[in-house]
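Student: The structure under discussion is supplied below as structure tokens; questions concerning it will follow.
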Amino acid sequence: MSNYHEYVLVVEDDVQIRNFICYSLRAEGFRCVTADTGEGALSLLVSEPIDLMLLDLGLPDVDGMEVIRKVREWSEMPIIVVSARDQDKEKAAALDEGADDYLTKPFSATELLARIRVALRHFYRQNGSKTPTSYQVGGLRLDLAKRLVFLDDVQLHVTPMEYKLLVLFFKNTGKVLTTKYILKEIWGAGYGSDTQVLRALMAGLRRKIEKNPAKPRYIMTEIGVGYRLVDE
Ligand code: CA
């Protein structure tokens, strides 16, 4: 990817978590700047060349959701939301507002760094010059020119809807996609909240791409939020 001099803004009002995050980032060569309020974060974003933001949703002054909304008015920078457990609804809402990923407290340094790398890689890929002609994760490969899907070099017969869903996942490799977002992208805005139809489509697709659909290797379920295609 890069030589890891990316500049990360950590927005967190808990001083221990803040220090833990910055320590972990600096140990890996990232640069780190912190803010303990939403207002502080927004002013740093204007004055500093920030590459990625880690954002705690529970801030003392403004709602983290408001920070995402404001940043998205002028920047596509990766935003990873940090939230407490049992806030599935908030996580999904944050992703729908434009956050790229989320971490649930407590998390390990390994998990933190992995998520940051995925988000940055995805950002660079999106902003890179050439359009890919194929996608691959492990043994799962998509040939975009021929519209074919292969698993361990064996061609799979997928329906047009399954293919559309796979393309959506591959375009967002490593990112968690909310159910709402997938429904809108696959069926259009009208489908709203019919999660049953998505669950059925996903079950069919998993039977084809997963050796053990009950223990998926490629597309993971993010409980209460959506799904994620693993990034390797
Ligand atoms: Ca907090």
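All residue names refer to the structure tokens as shown: chains lettered A, B, ... in order, residues numbered from 1 in each chain, ligands numbered from 1 in order.
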Hey, what's within 7 Å of range 53-55 of chain A if we count only C-alpha atoms and toss same-chain stuff fewer than 5 positions away? As a PyMOL selection string, please?

Tutor: chain A and resi 8-12+64+78-82

Student: Export N, CA, C and O atoms of the chosen residues as a PDB file, in the first residue's frame?

Tutor:
ATOM      1  N   VAL A   8      -3.592  10.296  10.912  1.00  0.00           N
ATOM      2  CA  VAL A   8      -4.885   9.850  11.433  1.00  0.00           C
ATOM      3  C   VAL A   8      -5.387  10.793  12.525  1.00  0.00           C
ATOM      4  O   VAL A   8      -4.648  11.138  13.444  1.00  0.00           O
ATOM      5  N   LEU A   9      -6.637  11.195  12.387  1.00  0.00           N
ATOM      6  CA  LEU A   9      -7.265  12.013  13.433  1.00  0.00           C
ATOM      7  C   LEU A   9      -8.091  11.090  14.323  1.00  0.00           C
ATOM      8  O   LEU A   9      -8.960  10.361  13.835  1.00  0.00           O
ATOM      9  N   VAL A  10      -7.800  11.105  15.608  1.00  0.00           N
ATOM     10  CA  VAL A  10      -8.534  10.279  16.563  1.00  0.00           C
ATOM     11  C   VAL A  10      -9.450  11.183  17.378  1.00  0.00           C
ATOM     12  O   VAL A  10      -8.985  12.044  18.117  1.00  0.00           O
ATOM     13  N   VAL A  11     -10.755  10.987  17.201  1.00  0.00           N
ATOM     14  CA  VAL A  11     -11.734  11.801  17.917  1.00  0.00           C
ATOM     15  C   VAL A  11     -12.342  10.933  19.004  1.00  0.00           C
ATOM     16  O   VAL A  11     -13.090   9.993  18.724  1.00  0.00           O
ATOM     17  N   GLU A  12     -11.992  11.207  20.226  1.00  0.00           N
ATOM     18  CA  GLU A  12     -12.371  10.332  21.350  1.00  0.00           C
ATOM     19  C   GLU A  12     -12.250  11.130  22.648  1.00  0.00           C
ATOM     20  O   GLU A  12     -11.219  11.761  22.883  1.00  0.00           O
ATOM     21  N   GLY A  64     -21.697  12.219  17.065  1.00  0.00           N
ATOM     22  CA  GLY A  64     -20.722  11.784  16.071  1.00  0.00           C
ATOM     23  C   GLY A  64     -21.326  11.745  14.671  1.00  0.00           C
ATOM     24  O   GLY A  64     -20.662  12.008  13.674  1.00  0.00           O
ATOM     25  N   PRO A  78     -11.562   8.332   4.442  1.00  0.00           N
ATOM     26  CA  PRO A  78     -12.102   7.212   5.208  1.00  0.00           C
ATOM     27  C   PRO A  78     -12.445   7.628   6.647  1.00  0.00           C
ATOM     28  O   PRO A  78     -11.660   8.319   7.286  1.00  0.00           O
ATOM     29  N   ILE A  79     -13.627   7.210   7.082  1.00  0.00           N
ATOM     30  CA  ILE A  79     -14.063   7.467   8.457  1.00  0.00           C
ATOM     31  C   ILE A  79     -14.402   6.126   9.091  1.00  0.00           C
ATOM     32  O   ILE A  79     -15.232   5.383   8.569  1.00  0.00           O
ATOM     33  N   ILE A  80     -13.739   5.816  10.200  1.00  0.00           N
ATOM     34  CA  ILE A  80     -14.062   4.597  10.936  1.00  0.00           C
ATOM     35  C   ILE A  80     -14.679   5.012  12.267  1.00  0.00           C
ATOM     36  O   ILE A  80     -14.090   5.777  13.021  1.00  0.00           O
ATOM     37  N   VAL A  81     -15.865   4.510  12.494  1.00  0.00           N
ATOM     38  CA  VAL A  81     -16.606   4.862  13.689  1.00  0.00           C
ATOM     39  C   VAL A  81     -16.262   3.910  14.830  1.00  0.00           C
ATOM     40  O   VAL A  81     -16.086   2.713  14.605  1.00  0.00           O
ATOM     41  N   VAL A  82     -16.118   4.460  16.017  1.00  0.00           N
ATOM     42  CA  VAL A  82     -15.858   3.640  17.193  1.00  0.00           C
ATOM     43  C   VAL A  82     -17.085   3.751  18.086  1.00  0.00           C
ATOM     44  O   VAL A  82     -17.519   4.854  18.412  1.00  0.00           O
TER      45      VAL A  82
END

Student: Taking only C-alpha atoms and all ligand atoms into account, report as a PDB file with all heavy atoms, in the first residue's frame which residues have an atom no farther than 7 Å from an atom of ligand 1.

Tutor:
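Resulting contents of out_7.pdb:
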ATOM      1  N   GLU A  12     -11.992  11.207  20.226  1.00  0.00           N
ATOM      2  CA  GLU A  12     -12.371  10.332  21.350  1.00  0.00           C
ATOM      3  C   GLU A  12     -12.250  11.130  22.648  1.00  0.00           C
ATOM      4  O   GLU A  12     -11.219  11.761  22.883  1.00  0.00           O
ATOM      5  CB  GLU A  12     -11.420   9.121  21.353  1.00  0.00           C
ATOM      6  CG  GLU A  12     -11.485   8.219  22.549  1.00  0.00           C
ATOM      7  CD  GLU A  12     -12.826   7.517  22.669  1.00  0.00           C
ATOM      8  OE1 GLU A  12     -13.090   6.591  21.866  1.00  0.00           O
ATOM      9  OE2 GLU A  12     -13.590   7.898  23.578  1.00  0.00           O
ATOM     10  N   ASP A  13     -13.288  11.107  23.465  1.00  0.00           N
ATOM     11  CA  ASP A  13     -13.223  11.882  24.709  1.00  0.00           C
ATOM     12  C   ASP A  13     -12.683  11.060  25.878  1.00  0.00           C
ATOM     13  O   ASP A  13     -12.372  11.606  26.929  1.00  0.00           O
ATOM     14  CB  ASP A  13     -14.594  12.485  25.054  1.00  0.00           C
ATOM     15  CG  ASP A  13     -15.670  11.431  25.193  1.00  0.00           C
ATOM     16  OD1 ASP A  13     -15.674  10.476  24.381  1.00  0.00           O
ATOM     17  OD2 ASP A  13     -16.515  11.542  26.093  1.00  0.00           O
ATOM     18  N   ASP A  14     -12.543   9.749  25.699  1.00  0.00           N
ATOM     19  CA  ASP A  14     -11.965   8.919  26.763  1.00  0.00           C
ATOM     20  C   ASP A  14     -10.440   8.915  26.584  1.00  0.00           C
ATOM     21  O   ASP A  14      -9.914   8.398  25.603  1.00  0.00           O
ATOM     22  CB  ASP A  14     -12.515   7.492  26.627  1.00  0.00           C
ATOM     23  CG  ASP A  14     -12.013   6.570  27.739  1.00  0.00           C
ATOM     24  OD1 ASP A  14     -10.797   6.603  28.037  1.00  0.00           O
ATOM     25  OD2 ASP A  14     -12.834   5.819  28.282  1.00  0.00           O
ATOM     26  N   ASP A  56     -15.290   8.490  17.587  1.00  0.00           N
ATOM     27  CA  ASP A  56     -16.143   7.952  18.649  1.00  0.00           C
ATOM     28  C   ASP A  56     -17.526   8.571  18.460  1.00  0.00           C
ATOM     29  O   ASP A  56     -17.643   9.782  18.239  1.00  0.00           O
ATOM     30  CB  ASP A  56     -15.545   8.358  20.002  1.00  0.00           C
ATOM     31  CG  ASP A  56     -16.421   7.937  21.169  1.00  0.00           C
ATOM     32  OD1 ASP A  56     -17.143   6.924  21.043  1.00  0.00           O
ATOM     33  OD2 ASP A  56     -16.391   8.623  22.204  1.00  0.00           O
ATOM     34  N   LEU A  57     -18.570   7.751  18.530  1.00  0.00           N
ATOM     35  CA  LEU A  57     -19.910   8.297  18.290  1.00  0.00           C
ATOM     36  C   LEU A  57     -20.438   9.072  19.496  1.00  0.00           C
ATOM     37  O   LEU A  57     -21.214   9.997  19.359  1.00  0.00           O
ATOM     38  CB  LEU A  57     -20.885   7.173  17.917  1.00  0.00           C
ATOM     39  CG  LEU A  57     -20.793   6.623  16.503  1.00  0.00           C
ATOM     40  CD1 LEU A  57     -21.846   5.544  16.301  1.00  0.00           C
ATOM     41  CD2 LEU A  57     -20.956   7.720  15.466  1.00  0.00           C
ATOM     42  N   GLY A  58     -20.006   8.680  20.690  1.00  0.00           N
ATOM     43  CA  GLY A  58     -20.496   9.341  21.897  1.00  0.00           C
ATOM     44  C   GLY A  58     -19.559  10.447  22.343  1.00  0.00           C
ATOM     45  O   GLY A  58     -18.654  10.222  23.137  1.00  0.00           O
ATOM     46  N   LEU A  59     -19.781  11.654  21.815  1.00  0.00           N
ATOM     47  CA  LEU A  59     -18.907  12.783  22.144  1.00  0.00           C
ATOM     48  C   LEU A  59     -19.641  13.745  23.076  1.00  0.00           C
ATOM     49  O   LEU A  59     -20.868  13.802  23.072  1.00  0.00           O
ATOM     50  CB  LEU A  59     -18.491  13.504  20.860  1.00  0.00           C
ATOM     51  CG  LEU A  59     -17.588  12.702  19.919  1.00  0.00           C
ATOM     52  CD1 LEU A  59     -17.440  13.428  18.595  1.00  0.00           C
ATOM     53  CD2 LEU A  59     -16.223  12.456  20.550  1.00  0.00           C
TER      54      LEU A  59
END

Student: Within 12 Å of Val149 in chain A, counting only C-alpha atoms, which residues qualify if same-chain residues fewer than 2 places away don't, as a ChimeraX atom specification?

Tutor: /A:134-137,139-147,151-160,162-167,170,205,208-209

Student: Based on the selection just made, write N, CA and C atoms of those residues as a tab-separated table (two decimals), in the first residue's frame.

Tutor:
chain	number	residue	atom	x	y	z
A	134	SER	N	-11.11	-7.36	-13.37
A	134	SER	CA	-11.52	-8.52	-12.59
A	134	SER	C	-11.25	-8.26	-11.11
A	135	TYR	N	-11.93	-9.02	-10.30
A	135	TYR	CA	-11.75	-8.92	-8.85
A	135	TYR	C	-11.44	-10.31	-8.33
A	136	GLN	N	-10.65	-10.38	-7.28
A	136	GLN	CA	-10.40	-11.69	-6.68
A	136	GLN	C	-10.18	-11.58	-5.17
A	137	VAL	N	-10.80	-12.49	-4.44
A	137	VAL	CA	-10.54	-12.65	-3.01
A	137	VAL	C	-10.40	-14.14	-2.78
A	139	GLY	N	-10.10	-17.78	-3.45
A	139	GLY	CA	-10.39	-18.53	-4.67
A	139	GLY	C	-11.60	-18.01	-5.42
A	140	LEU	N	-12.18	-16.93	-4.94
A	140	LEU	CA	-13.38	-16.38	-5.56
A	140	LEU	C	-12.98	-15.26	-6.53
A	141	ARG	N	-13.34	-15.43	-7.81
A	141	ARG	CA	-12.90	-14.45	-8.81
A	141	ARG	C	-14.06	-14.02	-9.69
A	142	LEU	N	-14.06	-12.75	-10.01
A	142	LEU	CA	-15.10	-12.18	-10.84
A	142	LEU	C	-14.44	-11.62	-12.09
A	143	ASP	N	-14.87	-12.08	-13.27
A	143	ASP	CA	-14.37	-11.54	-14.53
A	143	ASP	C	-15.42	-10.55	-15.00
A	144	LEU	N	-15.11	-9.25	-14.86
A	144	LEU	CA	-16.10	-8.22	-15.17
A	144	LEU	C	-16.38	-8.10	-16.66
A	145	ALA	N	-15.36	-8.32	-17.48
A	145	ALA	CA	-15.55	-8.19	-18.92
A	145	ALA	C	-16.50	-9.27	-19.44
A	146	LYS	N	-16.30	-10.50	-18.95
A	146	LYS	CA	-17.13	-11.62	-19.43
A	146	LYS	C	-18.34	-11.89	-18.54
A	147	ARG	N	-18.42	-11.15	-17.43
A	147	ARG	CA	-19.50	-11.33	-16.45
A	147	ARG	C	-19.56	-12.78	-15.96
A	151	LEU	N	-14.99	-20.07	-8.79
A	151	LEU	CA	-14.56	-20.45	-7.45
A	151	LEU	C	-13.49	-21.53	-7.62
A	152	ASP	N	-12.30	-21.26	-7.17
A	152	ASP	CA	-11.16	-22.17	-7.36
A	152	ASP	C	-11.07	-22.61	-8.83
A	153	ASP	N	-11.18	-21.65	-9.74
A	153	ASP	CA	-11.07	-21.85	-11.19
A	153	ASP	C	-12.21	-22.65	-11.81
A	154	VAL	N	-13.23	-22.92	-11.05
A	154	VAL	CA	-14.40	-23.60	-11.62
A	154	VAL	C	-15.49	-22.54	-11.78
A	155	GLN	N	-16.07	-22.49	-12.99
A	155	GLN	CA	-17.09	-21.48	-13.22
A	155	GLN	C	-18.37	-21.78	-12.46
A	156	LEU	N	-18.92	-20.74	-11.83
A	156	LEU	CA	-20.17	-20.90	-11.08
A	156	LEU	C	-21.32	-20.34	-11.91
A	157	HIS	N	-22.48	-20.96	-11.77
A	157	HIS	CA	-23.64	-20.43	-12.46
A	157	HIS	C	-24.45	-19.60	-11.48
A	158	VAL	N	-24.36	-18.30	-11.64
A	158	VAL	CA	-25.08	-17.41	-10.73
A	158	VAL	C	-26.18	-16.69	-11.51
A	159	THR	N	-27.21	-16.29	-10.79
A	159	THR	CA	-28.32	-15.54	-11.41
A	159	THR	C	-27.87	-14.08	-11.60
A	160	PRO	N	-28.57	-13.34	-12.46
A	160	PRO	CA	-28.20	-11.92	-12.65
A	160	PRO	C	-28.19	-11.14	-11.33
A	162	GLU	N	-27.65	-12.37	-8.28
A	162	GLU	CA	-26.49	-12.81	-7.50
A	162	GLU	C	-25.21	-12.16	-8.03
A	163	TYR	N	-25.15	-12.03	-9.36
A	163	TYR	CA	-23.97	-11.40	-9.97
A	163	TYR	C	-23.88	-9.94	-9.56
A	164	LYS	N	-25.02	-9.26	-9.60
A	164	LYS	CA	-25.09	-7.84	-9.22
A	164	LYS	C	-24.63	-7.66	-7.77
A	165	LEU	N	-25.09	-8.59	-6.93
A	165	LEU	CA	-24.73	-8.53	-5.52
A	165	LEU	C	-23.22	-8.75	-5.34
A	166	LEU	N	-22.67	-9.70	-6.07
A	166	LEU	CA	-21.23	-9.96	-5.98
A	166	LEU	C	-20.41	-8.75	-6.42
A	167	VAL	N	-20.83	-8.12	-7.50
A	167	VAL	CA	-20.10	-6.93	-7.98
A	167	VAL	C	-20.12	-5.86	-6.89
A	170	PHE	N	-17.64	-6.86	-4.23
A	170	PHE	CA	-16.25	-6.74	-4.66
A	170	PHE	C	-15.82	-5.28	-4.79
A	205	LEU	N	-26.78	-17.34	-2.78
A	205	LEU	CA	-25.41	-17.05	-3.22
A	205	LEU	C	-24.40	-17.82	-2.38
A	208	LYS	N	-23.64	-21.27	-3.29
A	208	LYS	CA	-22.76	-21.42	-4.45
A	208	LYS	C	-21.30	-21.09	-4.16
A	209	ILE	N	-21.07	-20.04	-3.39
A	209	ILE	CA	-19.68	-19.61	-3.22
A	209	ILE	C	-19.00	-20.14	-1.95

Student: With a distance cut-off of 10 Å and only C-alpha atoms, select the neighbouring residues of Leu168 in chain A, excluding the residue or stretch itself and same-chain residues fewer than 4 positions from it, and output the selection as number ranges by chain.

Tutor: A: 162-164, 172-173, 177, 182, 185-186, 229

Student: Please compute the CA of Leu183 in chain A-CA of Val197 in chain A distance, one decimal, in Å.

Tutor: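 Interatomic distance here is 8.9 Å.
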
Student: Give me the residues near range 102-117 of chain A as a PDB file with N, CA and C atoms, in the first residue's frame, where near means some atom within 9 Å (using only C-alpha atoms) and where sequence neighbours in that chain fewer than 3 positions away do not count.

Tutor:
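Printed below is out38.pdb as written:
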ATOM      1  N   MET A   1       0.829  -1.191   0.000  1.00  0.00           N
ATOM      2  CA  MET A   1       0.000   0.000   0.000  1.00  0.00           C
ATOM      3  C   MET A   1       0.865   1.243   0.000  1.00  0.00           C
ATOM      4  N   PHE A  20      -4.353   4.855  23.935  1.00  0.00           N
ATOM      5  CA  PHE A  20      -4.129   3.497  23.424  1.00  0.00           C
ATOM      6  C   PHE A  20      -4.117   3.512  21.891  1.00  0.00           C
ATOM      7  N   ILE A  21      -5.073   4.200  21.298  1.00  0.00           N
ATOM      8  CA  ILE A  21      -5.160   4.238  19.831  1.00  0.00           C
ATOM      9  C   ILE A  21      -3.928   4.911  19.236  1.00  0.00           C
ATOM     10  N   SER A  24      -0.791   2.802  19.530  1.00  0.00           N
ATOM     11  CA  SER A  24      -0.804   1.701  18.561  1.00  0.00           C
ATOM     12  C   SER A  24      -0.498   2.202  17.158  1.00  0.00           C
ATOM     13  N   LEU A  25      -1.059   3.345  16.806  1.00  0.00           N
ATOM     14  CA  LEU A  25      -0.844   3.893  15.463  1.00  0.00           C
ATOM     15  C   LEU A  25       0.599   4.323  15.261  1.00  0.00           C
ATOM     16  N   GLU A  28       3.123   1.753  14.563  1.00  0.00           N
ATOM     17  CA  GLU A  28       3.101   1.228  13.191  1.00  0.00           C
ATOM     18  C   GLU A  28       3.529   2.270  12.174  1.00  0.00           C
ATOM     19  N   LEU A  52      -7.284  10.025   7.441  1.00  0.00           N
ATOM     20  CA  LEU A  52      -8.336   9.127   7.915  1.00  0.00           C
ATOM     21  C   LEU A  52      -8.782   9.575   9.296  1.00  0.00           C
ATOM     22  N   LEU A  54     -10.788   8.442  12.900  1.00  0.00           N
ATOM     23  CA  LEU A  54     -11.395   7.448  13.781  1.00  0.00           C
ATOM     24  C   LEU A  54     -12.310   8.251  14.688  1.00  0.00           C
ATOM     25  N   LEU A  55     -13.574   7.931  14.660  1.00  0.00           N
ATOM     26  CA  LEU A  55     -14.547   8.783  15.331  1.00  0.00           C
ATOM     27  C   LEU A  55     -15.392   8.046  16.351  1.00  0.00           C
ATOM     28  N   PRO A  78     -11.562   8.332   4.442  1.00  0.00           N
ATOM     29  CA  PRO A  78     -12.102   7.212   5.208  1.00  0.00           C
ATOM     30  C   PRO A  78     -12.445   7.628   6.647  1.00  0.00           C
ATOM     31  N   ILE A  79     -13.627   7.210   7.082  1.00  0.00           N
ATOM     32  CA  ILE A  79     -14.063   7.467   8.457  1.00  0.00           C
ATOM     33  C   ILE A  79     -14.402   6.126   9.091  1.00  0.00           C
ATOM     34  N   ILE A  80     -13.739   5.816  10.200  1.00  0.00           N
ATOM     35  CA  ILE A  80     -14.062   4.597  10.936  1.00  0.00           C
ATOM     36  C   ILE A  80     -14.679   5.012  12.267  1.00  0.00           C
ATOM     37  N   VAL A  81     -15.865   4.510  12.494  1.00  0.00           N
ATOM     38  CA  VAL A  81     -16.606   4.862  13.689  1.00  0.00           C
ATOM     39  C   VAL A  81     -16.262   3.910  14.830  1.00  0.00           C
ATOM     40  N   VAL A  82     -16.118   4.460  16.017  1.00  0.00           N
ATOM     41  CA  VAL A  82     -15.858   3.640  17.193  1.00  0.00           C
ATOM     42  C   VAL A  82     -17.085   3.751  18.086  1.00  0.00           C
ATOM     43  N   SER A  83     -17.669   2.611  18.428  1.00  0.00           N
ATOM     44  CA  SER A  83     -18.877   2.677  19.239  1.00  0.00           C
ATOM     45  C   SER A  83     -18.862   1.632  20.334  1.00  0.00           C
ATOM     46  N   ALA A  84     -19.748   1.835  21.302  1.00  0.00           N
ATOM     47  CA  ALA A  84     -19.877   0.876  22.389  1.00  0.00           C
ATOM     48  C   ALA A  84     -20.659  -0.331  21.889  1.00  0.00           C
ATOM     49  N   ARG A  85     -20.634  -1.391  22.636  1.00  0.00           N
ATOM     50  CA  ARG A  85     -21.371  -2.595  22.288  1.00  0.00           C
ATOM     51  C   ARG A  85     -22.874  -2.334  22.259  1.00  0.00           C
ATOM     52  N   ASP A  86     -23.598  -3.208  21.586  1.00  0.00           N
ATOM     53  CA  ASP A  86     -25.055  -3.120  21.543  1.00  0.00           C
ATOM     54  C   ASP A  86     -25.552  -1.806  20.960  1.00  0.00           C
ATOM     55  N   GLN A  87     -24.857  -1.294  19.993  1.00  0.00           N
ATOM     56  CA  GLN A  87     -25.337  -0.084  19.323  1.00  0.00           C
ATOM     57  C   GLN A  87     -25.452  -0.358  17.830  1.00  0.00           C
ATOM     58  N   LYS A  91     -24.551   1.932  14.570  1.00  0.00           N
ATOM     59  CA  LYS A  91     -23.494   1.571  13.623  1.00  0.00           C
ATOM     60  C   LYS A  91     -24.036   1.648  12.209  1.00  0.00           C
ATOM     61  N   ALA A  94     -24.580   5.154  11.115  1.00  0.00           N
ATOM     62  CA  ALA A  94     -23.316   5.838  10.822  1.00  0.00           C
ATOM     63  C   ALA A  94     -22.800   5.431   9.443  1.00  0.00           C
ATOM     64  N   LEU A  95     -22.924   4.144   9.105  1.00  0.00           N
ATOM     65  CA  LEU A  95     -22.481   3.674   7.789  1.00  0.00           C
ATOM     66  C   LEU A  95     -23.342   4.301   6.699  1.00  0.00           C
ATOM     67  N   ALA A  99     -19.986   6.754   6.871  1.00  0.00           N
ATOM     68  CA  ALA A  99     -18.805   6.175   7.514  1.00  0.00           C
ATOM     69  C   ALA A  99     -18.403   4.930   6.724  1.00  0.00           C
ATOM     70  N   LEU A 120      -8.008   2.496   4.113  1.00  0.00           N
ATOM     71  CA  LEU A 120      -7.093   3.295   3.285  1.00  0.00           C
ATOM     72  C   LEU A 120      -6.917   2.660   1.912  1.00  0.00           C
ATOM     73  N   ARG A 121      -6.765   1.322   1.903  1.00  0.00           N
ATOM     74  CA  ARG A 121      -6.583   0.611   0.642  1.00  0.00           C
ATOM     75  C   ARG A 121      -7.797   0.843  -0.258  1.00  0.00           C
ATOM     76  N   HIS A 122      -8.962   0.724   0.362  1.00  0.00           N
ATOM     77  CA  HIS A 122     -10.192   0.917  -0.388  1.00  0.00           C
ATOM     78  C   HIS A 122     -10.269   2.334  -0.948  1.00  0.00           C
ATOM     79  N   GLY A 174     -13.888  -5.687   1.864  1.00  0.00           N
ATOM     80  CA  GLY A 174     -13.411  -5.347   3.200  1.00  0.00           C
ATOM     81  C   GLY A 174     -14.317  -4.394   3.956  1.00  0.00           C
ATOM     82  N   LYS A 175     -15.242  -3.784   3.233  1.00  0.00           N
ATOM     83  CA  LYS A 175     -16.133  -2.811   3.872  1.00  0.00           C
ATOM     84  C   LYS A 175     -17.428  -3.476   4.287  1.00  0.00           C
ATOM     85  N   VAL A 176     -17.975  -3.041   5.418  1.00  0.00           N
ATOM     86  CA  VAL A 176     -19.275  -3.579   5.786  1.00  0.00           C
ATOM     87  C   VAL A 176     -20.344  -2.756   5.075  1.00  0.00           C
TER      88      VAL A 176
END

Student: Report, in Å with one decimal, the straight-line distance from CA of Gln16 in chain A to CA of Glu97 in chain A.

Tutor: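 Taking CA of Gln16 in chain A as the start and CA of Glu97 in chain A as the end point, the length is 27.4 Å.
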
Student: Ranking A:Ala189, A:Val118, A:Cys32, A:Val71 by minimum distance to Glu232 in chain A and counting only C-alpha atoms, which one comes first?

Tutor: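 The shortest atom-to-atom distance to Glu232 in chain A comes from A:Val118.
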